[in-house]
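Below is one structure, written out as structure tokens; the observations come after it.
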Amino acid sequence: MRNLLLSLDETAQPVEVFFRDDDAGWEDERLLELIARFAEHGLPLDLAVIPAALDDRLAALLLDRHAGLHQHGYAHTNHQVEGRRCEFGDARGFAAQRADIAAGQERLRALLGERVDPFFTPPWNRCTRDTGEALVELGFTLLSREHRAEPLGLLPELSVHLDVARLMPDELDLRFAAHVRAGGPVGVMFHHGVMEAEDMTRASELLGVLARHDRVVPRRMADLSG
Ligand SMILES: [Zn+2]
């Protein structure tokens, strides 16, 4: 994390950083481990929860822990016949998408109550304008995708920049440093479901660096949603 540390040492302005872990509902043991790593370092975590994959048991565990909770699609199903995988892609229009989002919203409210933030992360970080329109109609106040996605201009958006599970350590270090230099907020994405023990260890090292550096301002997505 040499480049990241250098960029933090050199930055004039503190940099806001938030952490979004996707696919809560899958691989519960790994999810709980990642939550524990964040707790060890005293860093906030926002979980994108798959409504159809959430059951009573996991809901109780999540309610017992300090993490932001918001909606991750409905069932994390691909509906595209061709092209890149999407649950909320152009294979389905406004009505079908809205029905899914509403069903997910209802399920999360039933299982998590007041703890759910009115935020939406589409599976695979991709959605269409119809998705945005359905989100507005259903009262969502934030959409979170990948930073290269063109903003829809329909509701506030908060992008993630780095995929910890997918980037090699050197690449992560370089890219993280570049985003620090560009100013924040920097969105760091995790996928606990694919993280092996060594990935957890590396993630924990990264969290340690960020937690100790006084130029890092850790944020919840809710702090950045305005
Ligand atoms: Zn996902």
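To be explicit about the labels: the chains of the structure tokens are called A, B, and onward in the order shown, and within each one the residues are counted from 1, while ligands get numbers from 1 in the order they are shown.
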message: To check your reading of the model: which residues sit at most 12 Å from ligand 1 when counting only C-alpha atoms and all ligand atoms? Write the answer as a ChimeraX atom specification.
response: /A:20-26,47-51,53,71-78,85-88,120-126,144-145,163,189-194
field: Backbone DSSP call of strand (DSSP E) for stretch 12-202 of chain A, listed as a PyMOL selection string
entry: chain A and resi 15-24+46-49+68-72+116-121+142-143+162-163+186-190
Keeping only C-alpha atoms, take the residues you just selected and write them out as a PDB file, in the first residue's frame.
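Final output, again_8.pdb:
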ATOM      1  CA  VAL A  15     -10.388  12.407   1.924  1.00  0.00           C
ATOM      2  CA  GLU A  16     -13.789  10.921   2.637  1.00  0.00           C
ATOM      3  CA  VAL A  17     -13.915   7.159   2.139  1.00  0.00           C
ATOM      4  CA  PHE A  18     -16.909   4.847   2.324  1.00  0.00           C
ATOM      5  CA  PHE A  19     -17.152   1.064   2.147  1.00  0.00           C
ATOM      6  CA  ARG A  20     -19.897  -0.890   0.381  1.00  0.00           C
ATOM      7  CA  ASP A  21     -20.057  -4.669   0.655  1.00  0.00           C
ATOM      8  CA  ASP A  22     -22.393  -6.325  -1.846  1.00  0.00           C
ATOM      9  CA  ASP A  23     -24.413  -9.516  -1.806  1.00  0.00           C
ATOM     10  CA  ALA A  24     -25.479  -9.756   1.842  1.00  0.00           C
ATOM     11  CA  ASP A  46     -22.645  -0.290   4.287  1.00  0.00           C
ATOM     12  CA  LEU A  47     -24.180  -3.579   3.223  1.00  0.00           C
ATOM     13  CA  ALA A  48     -26.097  -4.012  -0.028  1.00  0.00           C
ATOM     14  CA  VAL A  49     -28.652  -6.663   0.904  1.00  0.00           C
ATOM     15  CA  GLY A  68     -25.692   0.506   7.149  1.00  0.00           C
ATOM     16  CA  LEU A  69     -28.264  -1.620   5.316  1.00  0.00           C
ATOM     17  CA  HIS A  70     -29.735  -0.949   1.899  1.00  0.00           C
ATOM     18  CA  GLN A  71     -31.295  -2.714  -1.061  1.00  0.00           C
ATOM     19  CA  HIS A  72     -29.297  -4.697  -3.632  1.00  0.00           C
ATOM     20  CA  VAL A 116     -33.023   0.147   6.031  1.00  0.00           C
ATOM     21  CA  ASP A 117     -31.682   3.202   4.225  1.00  0.00           C
ATOM     22  CA  PRO A 118     -33.685   4.227   1.116  1.00  0.00           C
ATOM     23  CA  PHE A 119     -30.672   3.528  -1.093  1.00  0.00           C
ATOM     24  CA  PHE A 120     -30.340   1.186  -4.063  1.00  0.00           C
ATOM     25  CA  THR A 121     -27.342  -0.655  -5.465  1.00  0.00           C
ATOM     26  CA  LEU A 142     -29.691   7.435  -3.466  1.00  0.00           C
ATOM     27  CA  LEU A 143     -28.424   5.241  -6.288  1.00  0.00           C
ATOM     28  CA  LEU A 162     -12.468   0.297  -6.320  1.00  0.00           C
ATOM     29  CA  ASP A 163     -13.361  -3.393  -6.286  1.00  0.00           C
ATOM     30  CA  VAL A 186     -13.721   7.366  -2.612  1.00  0.00           C
ATOM     31  CA  GLY A 187     -16.076   4.385  -2.670  1.00  0.00           C
ATOM     32  CA  VAL A 188     -14.486   1.032  -1.844  1.00  0.00           C
ATOM     33  CA  MET A 189     -16.464  -2.041  -2.851  1.00  0.00           C
ATOM     34  CA  PHE A 190     -16.195  -5.496  -1.318  1.00  0.00           C
TER      35      PHE A 190
END
Å distance separating atom CA of A:Ala96 from atom CA of A:Ala134, one decimal place: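 Computed distance, atom CA of A:Ala96 to atom CA of A:Ala134, equals 9.8 Å.
Nearest residue to A:Glu27 among A:Gly139, A:Leu54, A:Thr131, A:Val217 is A:Leu54, counting only C-alpha atoms.
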